[in-house]
file final-v2.txt (compact mmCIF, C-alpha atoms and all ligand atoms)
# COMPACT_ATOMS: atom_id res chain seq x y z
CA MET A 1 15.71 -6.01 9.19
CA ILE A 2 16.61 -5.96 5.52
CA LEU A 3 15.46 -9.06 3.69
CA ASP A 4 18.15 -10.92 1.80
CA GLN A 5 16.98 -11.12 -1.84
CA GLN A 6 18.49 -14.59 -2.05
CA LEU A 7 15.85 -15.85 0.38
CA ILE A 8 13.18 -14.73 -2.07
CA GLU A 9 14.94 -16.41 -4.95
CA LYS A 10 15.35 -19.65 -3.01
CA HIS A 11 11.67 -19.56 -2.06
CA ASN A 12 10.56 -18.80 -5.62
CA ASN A 13 12.72 -21.56 -7.11
CA LYS A 14 11.02 -24.03 -4.83
CA LEU A 15 7.51 -22.97 -5.86
CA GLU A 16 8.06 -21.93 -9.45
CA LYS A 17 7.22 -25.19 -11.21
CA LYS A 18 3.79 -25.49 -9.62
CA HIS A 19 3.16 -21.78 -10.10
CA ASN A 20 4.07 -21.87 -13.80
CA ARG A 21 1.57 -24.67 -14.40
CA ALA A 22 -1.23 -22.72 -12.71
CA PHE A 23 -0.29 -19.47 -14.46
CA GLU A 24 -0.23 -21.05 -17.91
CA PHE A 25 -3.58 -22.67 -17.26
CA ILE A 26 -5.36 -19.44 -16.34
CA SER A 27 -3.57 -17.34 -18.99
CA GLN A 28 -5.17 -19.35 -21.78
CA ASP A 29 -8.58 -17.85 -21.00
CA ILE A 30 -7.51 -14.23 -20.65
CA ASP A 31 -7.41 -11.95 -23.69
CA ASP A 32 -4.62 -9.64 -22.66
CA VAL A 33 -2.87 -11.24 -19.75
CA GLU A 34 0.20 -9.00 -20.10
CA GLU A 35 -1.85 -5.84 -19.63
CA LEU A 36 -3.55 -7.34 -16.59
CA ILE A 37 -0.26 -8.37 -15.00
CA ALA A 38 1.17 -4.88 -15.64
CA LYS A 39 -1.82 -3.33 -13.82
CA LEU A 40 -1.35 -5.66 -10.88
CA GLN A 41 2.35 -4.86 -10.68
CA LYS A 42 1.62 -1.13 -10.50
CA PHE A 43 -1.08 -1.37 -7.85
CA GLN A 44 0.29 -0.37 -4.42
CA ILE A 45 -1.54 -0.31 -1.11
CA GLY A 46 -0.33 2.03 1.63
CA ILE A 47 0.44 0.69 5.10
CA PRO A 48 -0.63 2.68 8.17
CA SER A 49 2.12 3.32 10.69
CA TRP A 50 -0.33 2.51 13.49
CA ALA A 51 -1.10 -1.02 12.32
CA LEU A 52 2.39 -2.47 12.63
CA GLY A 53 2.01 -3.29 16.30
CA THR A 54 -0.63 -5.40 17.95
CA GLY A 55 -3.87 -3.49 18.39
CA GLY A 56 -6.25 -3.96 21.24
CA THR A 57 -9.88 -3.89 22.12
CA ARG A 58 -11.36 -1.62 24.76
CA PHE A 59 -10.93 -4.53 27.17
CA GLY A 60 -7.23 -5.03 26.75
CA ARG A 61 -4.19 -5.15 24.59
CA PHE A 62 -1.90 -8.14 24.26
CA SER A 63 1.29 -6.82 22.75
CA GLY A 64 3.16 -9.13 20.42
CA PRO A 65 6.88 -9.80 20.63
CA GLY A 66 9.31 -7.94 18.36
CA GLU A 67 6.93 -5.05 17.64
CA PRO A 68 8.55 -1.94 16.19
CA GLY A 69 9.62 0.22 19.13
CA SER A 70 10.47 3.30 17.05
CA LEU A 71 9.38 5.03 13.88
CA GLU A 72 12.54 3.83 12.15
CA GLN A 73 11.54 0.24 12.94
CA LYS A 74 8.06 0.88 11.58
CA PHE A 75 9.63 2.04 8.33
CA GLU A 76 11.74 -1.12 8.31
CA ASP A 77 8.60 -3.23 8.76
CA VAL A 78 6.94 -1.56 5.77
CA GLY A 79 10.18 -2.04 3.82
CA LEU A 80 10.08 -5.72 4.75
CA LEU A 81 6.46 -6.06 3.61
CA HIS A 82 7.31 -4.32 0.36
CA ALA A 83 10.33 -6.56 -0.23
CA LEU A 84 8.06 -9.58 0.26
CA ASN A 85 5.16 -8.49 -1.97
CA LYS A 86 6.32 -5.39 -3.92
CA SER A 87 2.80 -4.05 -3.38
CA SER A 88 3.16 -2.15 -0.10
CA GLY A 89 5.42 0.67 -1.21
CA ALA A 90 4.04 3.50 0.95
CA ILE A 91 3.62 4.37 4.61
CA SER A 92 0.93 6.59 6.10
CA LEU A 93 1.85 8.43 9.29
CA HIS A 94 -0.55 9.26 12.11
CA ILE A 95 0.57 12.30 14.09
CA PRO A 96 1.37 12.57 17.00
CA TRP A 97 1.55 8.77 17.34
CA ASP A 98 4.43 8.87 14.88
CA ILE A 99 6.27 12.15 14.73
CA PRO A 100 9.04 12.26 12.13
CA GLU A 101 11.37 14.52 14.20
CA ASP A 102 14.18 14.53 11.66
CA THR A 103 12.29 14.60 8.37
CA ALA A 104 15.42 14.57 6.19
CA LYS A 105 16.65 11.42 7.92
CA MET A 106 13.24 9.73 7.65
CA LYS A 107 13.02 10.60 3.97
CA GLU A 108 16.40 9.07 3.37
CA LEU A 109 15.43 5.93 5.29
CA ALA A 110 12.23 5.61 3.24
CA ARG A 111 14.20 6.07 0.02
CA SER A 112 16.66 3.36 1.01
CA LEU A 113 13.74 0.99 1.70
CA ASN A 114 12.05 1.89 -1.58
CA ILE A 115 8.92 3.29 0.08
CA THR A 116 7.11 6.60 -0.34
CA PHE A 117 4.79 8.65 1.90
CA ASP A 118 1.06 8.23 1.70
CA ALA A 119 -1.45 10.62 3.28
CA VAL A 120 -0.60 12.08 6.69
CA ASN A 121 -3.30 11.74 9.37
CA SER A 122 -4.15 14.18 12.13
CA ASN A 123 -5.31 13.10 15.57
CA THR A 124 -7.75 15.30 17.43
CA PHE A 125 -9.51 12.36 19.06
CA GLN A 126 -7.11 11.97 21.95
CA ASP A 127 -5.68 14.50 24.37
CA GLN A 128 -1.90 14.79 24.39
CA PRO A 129 0.07 15.45 27.61
CA GLN A 130 1.00 19.10 27.00
CA GLN A 131 -2.25 20.08 25.34
CA GLU A 132 -4.06 23.17 26.61
CA HIS A 133 -7.67 22.33 25.73
CA SER A 134 -9.40 18.97 25.91
CA TYR A 135 -11.10 17.19 22.99
CA LYS A 136 -13.53 15.45 25.32
CA TYR A 137 -16.43 17.22 23.61
CA GLY A 138 -14.97 17.23 20.14
CA SER A 139 -12.42 19.17 18.13
CA LEU A 140 -13.24 20.89 14.83
CA HIS A 141 -16.94 21.01 15.71
CA HIS A 142 -16.41 22.21 19.29
CA VAL A 143 -18.63 24.94 20.76
CA ASP A 144 -15.52 26.76 22.03
CA PRO A 145 -13.48 28.56 19.32
CA LYS A 146 -10.30 28.08 21.37
CA VAL A 147 -10.61 24.30 21.10
CA ARG A 148 -11.35 24.57 17.38
CA LYS A 149 -8.29 26.77 16.90
CA GLN A 150 -6.08 24.26 18.70
CA ALA A 151 -7.38 21.45 16.46
CA ILE A 152 -6.92 23.58 13.33
CA ASP A 153 -3.35 24.38 14.33
CA HIS A 154 -2.65 20.69 14.86
CA ASN A 155 -3.86 19.91 11.34
CA ILE A 156 -1.64 22.66 9.93
CA GLU A 157 1.30 21.18 11.82
CA VAL A 158 0.51 17.78 10.28
CA ILE A 159 0.43 19.33 6.79
CA ASN A 160 3.85 20.82 7.47
CA TYR A 161 5.28 17.43 8.45
CA GLY A 162 3.74 15.96 5.31
CA LYS A 163 5.23 18.72 3.15
CA ALA A 164 8.69 18.03 4.55
CA LEU A 165 8.32 14.31 3.85
CA GLY A 166 6.72 14.49 0.40
CA SER A 167 3.16 13.41 1.27
CA LYS A 168 0.42 14.69 -1.00
CA ALA A 169 -2.68 14.36 1.17
CA LEU A 170 -4.09 15.02 4.61
CA THR A 171 -6.70 12.64 6.03
CA VAL A 172 -9.02 14.10 8.64
CA TRP A 173 -11.10 11.73 10.72
CA LEU A 174 -12.97 13.31 13.60
CA ALA A 175 -14.28 11.62 16.68
CA ASP A 176 -16.70 14.54 16.97
CA GLY A 177 -20.24 13.62 17.85
CA SER A 178 -22.70 13.21 20.67
CA SER A 179 -23.96 10.35 22.77
CA PHE A 180 -27.22 11.84 23.99
CA PRO A 181 -30.12 13.58 22.28
CA GLY A 182 -30.03 17.30 22.97
CA GLN A 183 -26.30 17.33 23.62
CA LEU A 184 -25.50 19.02 20.30
CA ASN A 185 -27.04 21.44 17.91
CA PHE A 186 -26.46 19.46 14.69
CA ARG A 187 -26.43 22.50 12.40
CA GLU A 188 -23.98 24.45 14.52
CA ALA A 189 -21.72 21.42 14.92
CA PHE A 190 -21.67 20.98 11.15
CA GLN A 191 -21.06 24.67 10.49
CA ASN A 192 -18.24 24.81 13.04
CA THR A 193 -16.67 21.79 11.35
CA LEU A 194 -16.99 23.43 7.95
CA SER A 195 -15.40 26.70 9.02
CA SER A 196 -12.58 24.82 10.80
CA LEU A 197 -11.94 22.73 7.69
CA GLN A 198 -11.97 25.90 5.59
CA GLU A 199 -9.12 27.23 7.72
CA ILE A 200 -7.17 24.00 7.26
CA TYR A 201 -7.92 23.96 3.53
CA LYS A 202 -6.25 27.38 3.17
CA HIS A 203 -2.97 25.77 4.25
CA LEU A 204 -3.20 22.85 1.84
CA PRO A 205 -0.55 23.03 -0.90
CA GLU A 206 -1.85 23.30 -4.48
CA ASP A 207 -0.99 19.70 -5.42
CA TRP A 208 -2.44 18.19 -2.22
CA LYS A 209 -5.77 16.54 -1.49
CA LEU A 210 -7.83 16.73 1.68
CA PHE A 211 -9.57 13.44 2.51
CA ILE A 212 -12.62 13.71 4.74
CA GLU A 213 -13.30 10.38 6.42
CA TYR A 214 -16.77 9.63 7.77
CA LYS A 215 -17.91 7.12 10.36
CA ALA A 216 -21.45 6.15 11.36
CA PHE A 217 -20.86 5.68 15.06
CA GLU A 218 -18.13 5.24 17.66
CA PRO A 219 -16.77 6.71 19.79
CA TYR A 220 -20.16 8.45 20.03
CA PHE A 221 -23.39 6.56 19.82
CA TYR A 222 -26.15 9.05 19.11
CA SER A 223 -24.65 11.23 16.36
CA MET A 224 -21.38 11.68 14.55
CA THR A 225 -20.82 15.10 13.03
CA ILE A 226 -19.33 13.54 9.88
CA GLY A 227 -21.37 10.35 10.09
CA ASP A 228 -21.90 9.31 6.50
CA TRP A 229 -20.85 9.88 2.92
CA GLY A 230 -23.55 12.55 2.46
CA GLN A 231 -22.13 14.70 5.22
CA SER A 232 -18.58 14.17 3.99
CA LEU A 233 -19.56 14.98 0.39
CA LEU A 234 -21.41 18.10 1.52
CA LEU A 235 -18.24 19.31 3.23
CA ALA A 236 -16.01 18.33 0.29
CA ASN A 237 -18.25 20.20 -2.15
CA LYS A 238 -18.34 23.30 0.01
CA LEU A 239 -14.57 23.25 0.56
CA GLY A 240 -13.48 23.06 -3.06
CA PRO A 241 -11.68 20.97 -5.68
CA LYS A 242 -8.91 19.68 -3.42
CA ALA A 243 -11.36 18.14 -0.94
CA TYR A 244 -12.61 14.56 -1.30
CA THR A 245 -14.50 11.90 0.58
CA LEU A 246 -12.58 8.96 2.03
CA VAL A 247 -14.36 5.63 2.36
CA ASP A 248 -13.32 3.34 5.20
CA LEU A 249 -15.05 -0.01 4.70
CA GLY A 250 -15.76 -0.39 8.42
CA HIS A 251 -17.50 2.94 8.88
CA HIS A 252 -21.03 2.13 7.70
CA LEU A 253 -24.20 0.93 9.31
CA PRO A 254 -24.75 -2.83 8.86
CA ASN A 255 -25.53 -3.95 5.30
CA ALA A 256 -24.87 -0.56 3.73
CA ASN A 257 -24.38 -0.86 -0.01
CA ILE A 258 -20.81 0.45 -0.10
CA GLU A 259 -20.36 -0.32 -3.80
CA GLN A 260 -23.24 2.02 -4.63
CA ILE A 261 -21.69 4.76 -2.49
CA VAL A 262 -18.39 4.31 -4.31
CA SER A 263 -20.11 4.45 -7.68
CA LEU A 264 -21.87 7.74 -6.96
CA LEU A 265 -18.85 9.39 -5.34
CA LEU A 266 -16.82 8.57 -8.45
CA MET A 267 -19.60 9.94 -10.62
CA GLU A 268 -19.29 13.21 -8.71
CA GLY A 269 -15.48 13.15 -8.99
CA LYS A 270 -15.33 13.28 -5.19
CA LEU A 271 -13.96 9.91 -4.16
CA GLY A 272 -10.44 10.49 -2.91
CA GLY A 273 -9.23 7.63 -0.79
CA PHE A 274 -9.91 4.22 0.64
CA HIS A 275 -9.29 2.47 3.92
CA PHE A 276 -9.51 -1.30 3.52
CA ASN A 277 -10.48 -3.70 6.30
CA ASP A 278 -13.29 -6.16 6.89
CA SER A 279 -16.02 -6.55 9.45
CA LYS A 280 -18.93 -8.64 10.56
CA TYR A 281 -20.63 -6.22 12.92
CA ALA A 282 -19.16 -2.69 13.03
CA ASP A 283 -15.72 -1.14 12.72
CA ASP A 284 -14.15 -4.52 13.44
CA ASP A 285 -10.91 -3.70 11.59
CA LEU A 286 -10.36 -7.30 10.49
CA THR A 287 -8.17 -8.52 7.64
CA ALA A 288 -9.44 -7.27 4.26
CA GLY A 289 -11.42 -9.97 2.45
CA SER A 290 -11.62 -12.25 5.48
CA ILE A 291 -15.38 -11.93 6.02
CA LYS A 292 -17.00 -10.50 2.89
CA PRO A 293 -14.76 -11.12 -0.13
CA TYR A 294 -17.71 -10.81 -2.54
CA GLN A 295 -18.43 -7.32 -1.26
CA LEU A 296 -14.79 -6.38 -1.79
CA PHE A 297 -15.02 -7.66 -5.36
CA LEU A 298 -18.25 -5.72 -6.00
CA ILE A 299 -16.57 -2.57 -4.69
CA PHE A 300 -13.66 -3.09 -7.09
CA ASN A 301 -16.14 -3.65 -9.89
CA GLU A 302 -17.55 -0.16 -9.29
CA LEU A 303 -14.11 1.33 -8.74
CA ILE A 304 -12.83 0.10 -12.09
CA ASP A 305 -16.03 1.03 -13.89
CA GLY A 306 -16.05 4.57 -12.46
CA MET A 307 -12.31 5.16 -12.72
CA ASP A 308 -12.18 4.01 -16.34
CA LEU A 309 -15.09 6.28 -17.20
CA ASN A 310 -13.28 9.22 -15.55
CA GLY A 311 -9.99 8.33 -17.27
CA MET A 312 -8.30 7.75 -13.91
CA GLU A 313 -5.18 5.61 -13.44
CA HIS A 314 -6.10 2.69 -11.20
CA ALA A 315 -2.82 2.72 -9.33
CA THR A 316 -2.58 6.44 -8.63
CA GLY A 317 -6.08 7.89 -9.09
CA LEU A 318 -7.14 7.23 -5.50
CA GLY A 319 -5.32 6.89 -2.17
CA TRP A 320 -5.34 3.13 -1.41
CA MET A 321 -4.65 2.19 2.16
CA ILE A 322 -5.22 -0.49 4.75
CA ASP A 323 -6.71 0.60 8.06
CA ALA A 324 -6.99 -2.43 10.29
CA SER A 325 -6.11 -3.54 13.77
CA HIS A 326 -4.35 -6.79 14.47
CA ASN A 327 -5.28 -8.37 17.75
CA LEU A 328 -4.83 -12.09 17.17
CA LYS A 329 -2.48 -12.47 14.23
CA ASP A 330 1.04 -11.26 13.70
CA PRO A 331 0.46 -7.73 12.29
CA LEU A 332 2.89 -8.23 9.42
CA VAL A 333 1.28 -11.48 8.34
CA ASP A 334 -2.16 -9.92 8.65
CA LEU A 335 -1.06 -7.02 6.43
CA LEU A 336 0.35 -9.45 3.85
CA GLN A 337 -2.98 -11.28 3.83
CA SER A 338 -4.90 -8.00 3.44
CA VAL A 339 -2.78 -6.85 0.51
CA GLU A 340 -3.23 -10.24 -1.15
CA ALA A 341 -7.02 -10.13 -0.68
CA ILE A 342 -7.20 -6.61 -2.12
CA LYS A 343 -5.16 -7.59 -5.16
CA ILE A 344 -7.26 -10.71 -5.68
CA ALA A 345 -10.45 -8.63 -5.66
CA TYR A 346 -8.85 -6.13 -8.04
CA ALA A 347 -7.71 -8.89 -10.42
CA GLN A 348 -11.14 -10.53 -10.38
CA ALA A 349 -12.80 -7.21 -11.16
CA LEU A 350 -10.38 -6.68 -14.05
CA LEU A 351 -11.66 -9.96 -15.52
CA ILE A 352 -15.27 -8.79 -15.75
CA ASP A 353 -16.54 -8.73 -19.31
CA ARG A 354 -17.73 -5.12 -19.23
CA VAL A 355 -19.13 -5.05 -22.75
CA ALA A 356 -21.27 -8.10 -22.08
CA LEU A 357 -22.33 -6.72 -18.69
CA LYS A 358 -23.43 -3.44 -20.25
CA ALA A 359 -25.44 -5.33 -22.90
CA ALA A 360 -27.06 -7.53 -20.24
CA GLN A 361 -27.97 -4.46 -18.16
CA GLN A 362 -29.46 -2.71 -21.19
CA ALA A 363 -31.53 -5.79 -21.94
CA ASN A 364 -32.67 -6.12 -18.32
CA ASP A 365 -31.11 -9.56 -18.36
CA VAL A 366 -30.85 -10.09 -14.64
CA VAL A 367 -29.61 -13.66 -14.85
CA LYS A 368 -26.85 -12.87 -17.34
CA SER A 369 -25.66 -9.85 -15.33
CA GLN A 370 -25.27 -12.02 -12.26
CA GLU A 371 -23.55 -14.79 -14.24
CA ILE A 372 -21.02 -12.32 -15.66
CA LEU A 373 -20.09 -10.95 -12.26
CA GLN A 374 -19.95 -14.30 -10.55
CA ASP A 375 -17.96 -15.85 -13.38
CA ALA A 376 -15.21 -13.31 -12.69
CA PHE A 377 -15.53 -13.63 -8.90
CA ARG A 378 -15.28 -17.42 -9.00
CA THR A 379 -12.11 -17.41 -11.07
CA ASP A 380 -9.06 -18.40 -9.06
CA VAL A 381 -6.84 -15.44 -9.90
CA ARG A 382 -4.14 -16.23 -7.35
CA PRO A 383 -1.66 -17.34 -10.04
CA LEU A 384 -2.07 -13.94 -11.75
CA VAL A 385 -1.35 -12.04 -8.56
CA ALA A 386 1.58 -14.35 -7.80
CA GLU A 387 2.96 -13.88 -11.33
CA SER A 388 2.82 -10.09 -10.92
CA ARG A 389 4.85 -10.48 -7.72
CA LEU A 390 7.34 -12.83 -9.34
CA ARG A 391 7.98 -10.35 -12.16
CA SER A 392 8.51 -7.55 -9.65
CA GLY A 393 11.11 -9.55 -7.74
CA ALA A 394 8.83 -10.39 -4.80
CA ALA A 395 7.94 -13.72 -3.22
CA LEU A 396 5.49 -16.12 -4.84
CA ASN A 397 3.94 -16.75 -1.43
CA PRO A 398 4.89 -13.97 1.02
CA VAL A 399 3.03 -15.44 4.02
CA LEU A 400 4.71 -18.81 3.56
CA LEU A 401 8.13 -17.21 3.25
CA PHE A 402 7.52 -15.10 6.38
CA GLU A 403 6.71 -18.21 8.33
CA GLU A 404 9.27 -20.60 6.86
CA GLU A 405 12.10 -18.14 7.35
CA LYS A 406 10.84 -17.33 10.87
CA LEU A 407 11.03 -13.61 10.16
CA ARG A 408 9.25 -12.65 13.37
CA ASP A 409 11.84 -14.59 15.38
CA LYS A 410 14.54 -12.63 13.58
CA LEU A 411 12.76 -9.38 14.48
CA ILE A 412 12.51 -10.51 18.09
CA ALA A 413 16.24 -11.26 18.10
CA GLU A 414 16.86 -7.67 16.92
CA ARG A 415 14.25 -5.88 19.02
CA GLY A 416 13.51 -8.03 21.99
CA LEU A 417 10.34 -9.60 23.34
CA ARG A 418 8.83 -6.66 25.12
CA THR A 419 8.67 -3.80 22.65
CA ILE A 420 5.43 -1.87 22.33
CA ALA A 421 4.45 0.02 19.20
CA THR A 422 2.58 3.33 19.34
CA GLY A 423 -0.83 3.39 17.72
CA LEU A 424 -4.22 1.91 18.42
C1 LIG A 501 -11.19 5.67 12.85
O1 LIG A 501 -11.89 4.54 13.23
C2 LIG A 501 -10.13 5.36 11.78
O2 LIG A 501 -10.66 4.58 10.77
C3 LIG A 501 -9.50 6.61 11.24
O3 LIG A 501 -8.99 6.39 9.94
C4 LIG A 501 -8.40 6.84 12.19
O4 LIG A 501 -7.51 7.80 11.82
C5 LIG A 501 -7.87 5.41 12.28
O5 LIG A 501 -9.06 4.64 12.34
C6 LIG A 501 -6.96 5.15 13.40
O6 LIG A 501 -7.60 5.31 14.63
MN MN A 502 -9.96 4.72 8.71
call {"tool": "encode", "arguments": {"input": "final-v2.txt", "output": "C-alpha cells"}}
result
Amino acid sequence: MILDQQLIEKHNNKLEKKHNRAFEFISQDIDDVEELIAKLQKFQIGIPSWALGTGGTRFGRFSGPGEPGSLEQKFEDVGLLHALNKSSGAISLHIPWDIPEDTAKMKELARSLNITFDAVNSNTFQDQPQQEHSYKYGSLHHVDPKVRKQAIDHNIEVINYGKALGSKALTVWLADGSSFPGQLNFREAFQNTLSSLQEIYKHLPEDWKLFIEYKAFEPYFYSMTIGDWGQSLLLANKLGPKAYTLVDLGHHLPNANIEQIVSLLLMEGKLGGFHFNDSKYADDDLTAGSIKPYQLFLIFNELIDGMDLNGMEHATGLGWMIDASHNLKDPLVDLLQSVEAIKIAYAQALLIDRVALKAAQQANDVVKSQEILQDAFRTDVRPLVAESRLRSGAALNPVLLFEEEKLRDKLIAERGLRTIATGL
C-alpha cells in the first residue's frame, strides 16, 4: 500500500496549530534549535524484515491479520512506515527467512519506496529443509569442520546477496553454546568460532563491516560462545579493522550497565551497530523505551559523547536498528512507537549541557551531574521530534494517523485476514 501524501497533509493541518504552540514554547530554551532539528531529520533507524509480522513466544504464535505474505509486501510495510515518520528509511534482511531471489527487482522496489538496505543477517540457528548438516550443536563453533564449513558458506552466500542489493554490513548472531557443564571445551569452541569468522571475513568487501552480536543466554542456558561484549570485542580485535561489536539491548544479564559498555566500545573504536528493544527480565523484545526509557536516554548520552569525541556522524557512524518481536500490538504501530522512543531519547541526549556536565564531573559535584542529566531527560522533547517529521514531509503523529485512517484495515483488504509473515 502506498500512502497518499494528501492524508498526511490533512492530518498535519488538523494538528498543526497545537503543535506550533508547543514547538515555539520549547524552542525558546534551546540555543541552536535548527541544528538539533537537522540532526533529528537525518537520524534513521533500520527496520528488520522479521519484525513486520506478529512474533510469538515458545508457547504459541497468534498471527495478526493483513501481515505481509511476501518479501515485496515487507518492503511495502517499511515504505509505509517511512512515509509516516521519514525515520525508517532502511530494511535489514534475515536470510533465509527473506531471500531476495530477484535482487535487481528488489532494489528497484526499494528505490521506489525511498528505502535503502541495512545490514544483512545470516541464520545458522535453525536447520533448513535441504540442509546437509544440523546446527543442533552449534554452527561456527561446531566440533565438526563439515558443519563449520556449511555455516561459513551460508554467511558467504548472505554477503553475496547483500552485495547485489547494496548492503554494507553483515551481522552474525550465533546460537552457539551449551546447556550443561562439560558439554563444551570453551577454548576450542571460541577458537573454532574465530577461525570460522576469519574465513567469512576474507569474503567481506573492503567497504563493509562485520557486526558480531553477543547474547548472554538463550537458546542455551549454561554458556554462550559469544556471550558478552568481552568475547565479541576479543573476536573483533583478532579479526581486524572491519569487525565490530553489535549491542542488542536485550542481550545482557539483568541490570547490566549497558551505557558503560557502549562508552568503552566507542573508546576502542569497536562499536559497530545497535539493536534496539526493551525488556524487564531477559531478551523480551518489547517496544523500545516502553520499560526503561531512562536507560535508553543514558545510552544515548554515552553514544553522543563517544561519537562526538571520535568525530563520528550520528546518523551514519553506527548501524541503528530495531530488533523486537510484536506479540500483542500491531507490528507496524509497535515499530512506529519504537522509532519515536528512540528519537525522543536521542533528542533528550542532544539537550545535555556537556560543558557543564564535564565541569561538574571534574569538580566531583555529584548532585549537579545528576541534575544536568535529569534536566535533559525530563524535558518534553516530543514537539522537537514532531517538528523534524513535519519538515521532512511526515506525519505529526504517525500512530494517530495509522489508527484514524484504519491503515491495517486497508492492508487486510489488500492481503486478506490469514496471511503469515516469515520470521520469528
Ligand atoms: C537473537 O536473539 C537476535 O537478537 C539476533 O539479532 C537475531 O538475528 C534476531 O534476534 C532474530 O532472531
Ligand atoms: Mn538482535
call {"tool": "closest_atom_pairs", "arguments": {"input": "final-v2.txt", "of": "chain A", "to": "ligand MN 502 (chain A)", "cutoff": "12 Å", "atoms": "all atoms listed in the file", "output": "Markdown table"}}
result
| residue | atom | partner | partner_atom | distance |
| --- | --- | --- | --- | --- |
| A:Ile47 | CA | A:MN502 | MN | 11.7 |
| A:Pro48 | CA | A:MN502 | MN | 9.6 |
| A:Trp50 | CA | A:MN502 | MN | 11.0 |
| A:Ala51 | CA | A:MN502 | MN | 11.2 |
| A:Ser92 | CA | A:MN502 | MN | 11.4 |
| A:His94 | CA | A:MN502 | MN | 11.0 |
| A:Ala119 | CA | A:MN502 | MN | 11.7 |
| A:Asn121 | CA | A:MN502 | MN | 9.7 |
| A:Ser122 | CA | A:MN502 | MN | 11.6 |
| A:Asn123 | CA | A:MN502 | MN | 11.8 |
| A:Thr171 | CA | A:MN502 | MN | 9.0 |
| A:Val172 | CA | A:MN502 | MN | 9.4 |
| A:Trp173 | CA | A:MN502 | MN | 7.4 |
| A:Leu174 | CA | A:MN502 | MN | 10.3 |
| A:Ala175 | CA | A:MN502 | MN | 11.4 |
| A:Phe211 | CA | A:MN502 | MN | 10.7 |
| A:Ile212 | CA | A:MN502 | MN | 10.2 |
| A:Glu213 | CA | A:MN502 | MN | 7.0 |
| A:Tyr214 | CA | A:MN502 | MN | 8.4 |
| A:Lys215 | CA | A:MN502 | MN | 8.5 |
| A:Ala216 | CA | A:MN502 | MN | 11.9 |
| A:Thr245 | CA | A:MN502 | MN | 11.8 |
| A:Leu246 | CA | A:MN502 | MN | 8.3 |
| A:Val247 | CA | A:MN502 | MN | 7.8 |
| A:Asp248 | CA | A:MN502 | MN | 5.1 |
| A:Leu249 | CA | A:MN502 | MN | 8.0 |
| A:Gly250 | CA | A:MN502 | MN | 7.7 |
| A:His251 | CA | A:MN502 | MN | 7.7 |
| A:His252 | CA | A:MN502 | MN | 11.4 |
| A:Gly273 | CA | A:MN502 | MN | 10.0 |
| A:Phe274 | CA | A:MN502 | MN | 8.1 |
| A:His275 | CA | A:MN502 | MN | 5.3 |
| A:Phe276 | CA | A:MN502 | MN | 8.0 |
| A:Asn277 | CA | A:MN502 | MN | 8.8 |
| A:Asp278 | CA | A:MN502 | MN | 11.5 |
| A:Asp283 | CA | A:MN502 | MN | 9.1 |
| A:Asp284 | CA | A:MN502 | MN | 11.2 |
| A:Asp285 | CA | A:MN502 | MN | 8.9 |
| A:Trp320 | CA | A:MN502 | MN | 11.2 |
| A:Met321 | CA | A:MN502 | MN | 8.8 |
| A:Ile322 | CA | A:MN502 | MN | 8.1 |
| A:Asp323 | CA | A:MN502 | MN | 5.3 |
| A:Ala324 | CA | A:MN502 | MN | 7.9 |
| A:Ser325 | CA | A:MN502 | MN | 10.4 |
| A:Leu424 | CA | A:MN502 | MN | 11.6 |
call {"tool": "axis_aligned_box", "arguments": {"input": "final-v2.txt", "around": "ligand LIG 501 (chain A)", "padding_each_side": "4 Å", "output": "AutoDock Vina command-line options"}}
result
--center_x -9.4 --center_y 6.2 --center_z 12.3 --size_x 12.9 --size_y 11.3 --size_z 12.7
call {"tool": "closest_residue", "arguments": {"input": "final-v2.txt", "among": "A:Ser63, A:Gln198, A:Ser134, A:Thr124", "to": "ligand LIG 501 (chain A)", "atoms": "only C-alpha atoms and all ligand atoms"}}
result
A:Thr124
call {"tool": "closest_residue", "arguments": {"input": "final-v2.txt", "among": "A:Ser232, A:Asp144, A:Gly269, A:Ser338", "to": "Gly311 of chain A", "atoms": "only C-alpha atoms"}}
result
A:Gly269
call {"tool": "atom_distance", "arguments": {"input": "final-v2.txt", "atom1": "atom CA of Gly69 of chain A", "atom2": "atom CA of Arg418 of chain A"}}
result
9.2 Å
call {"tool": "closest_residue", "arguments": {"input": "final-v2.txt", "among": "A:Ser49, A:Met307, A:Asp77, A:Ser263", "to": "ligand LIG 501 (chain A)", "atoms": "all atoms listed in the file"}}
result
A:Ser49
call {"tool": "atom_distance", "arguments": {"input": "final-v2.txt", "atom1": "atom CA of Tyr161 of chain A", "atom2": "atom CA of Met312 of chain A"}}
result
27.9 Å
call {"tool": "closest_residue", "arguments": {"input": "final-v2.txt", "among": "A:Gly46, A:Gly60, A:Pro219, A:Pro331", "to": "His82 of chain A", "atoms": "only C-alpha atoms"}}
result
A:Gly46
call {"tool": "residues_near_point", "arguments": {"input": "final-v2.txt", "point": "(9.4, 18.3, 4.8)", "cutoff": "12 Å", "atoms": "only C-alpha atoms", "output": "MDAnalysis selection string"}}
result
chainID A and resid 100:108 117 120 157:168
call {"tool": "build_atoms", "arguments": {"input": "final-v2.txt", "residues": "segment 368-373 of chain A", "atoms": "N, CA and C atoms", "output": "PDB file, in the frame of the given file"}}
result
ATOM      1  N   LYS A 368     -28.143 -13.011 -16.663  1.00  0.00           N
ATOM      2  CA  LYS A 368     -26.850 -12.870 -17.340  1.00  0.00           C
ATOM      3  C   LYS A 368     -25.930 -11.919 -16.559  1.00  0.00           C
ATOM      4  N   SER A 369     -26.486 -10.819 -16.080  1.00  0.00           N
ATOM      5  CA  SER A 369     -25.660  -9.850 -15.330  1.00  0.00           C
ATOM      6  C   SER A 369     -25.010 -10.540 -14.137  1.00  0.00           C
ATOM      7  N   GLN A 370     -25.812 -11.308 -13.428  1.00  0.00           N
ATOM      8  CA  GLN A 370     -25.270 -12.020 -12.260  1.00  0.00           C
ATOM      9  C   GLN A 370     -24.222 -13.050 -12.686  1.00  0.00           C
ATOM     10  N   GLU A 371     -24.504 -13.781 -13.758  1.00  0.00           N
ATOM     11  CA  GLU A 371     -23.550 -14.790 -14.240  1.00  0.00           C
ATOM     12  C   GLU A 371     -22.207 -14.147 -14.587  1.00  0.00           C
ATOM     13  N   ILE A 372     -22.267 -12.991 -15.241  1.00  0.00           N
ATOM     14  CA  ILE A 372     -21.020 -12.320 -15.660  1.00  0.00           C
ATOM     15  C   ILE A 372     -20.187 -11.937 -14.446  1.00  0.00           C
ATOM     16  N   LEU A 373     -20.835 -11.345 -13.466  1.00  0.00           N
ATOM     17  CA  LEU A 373     -20.090 -10.950 -12.260  1.00  0.00           C
ATOM     18  C   LEU A 373     -19.539 -12.170 -11.527  1.00  0.00           C
TER      19      LEU A 373
END
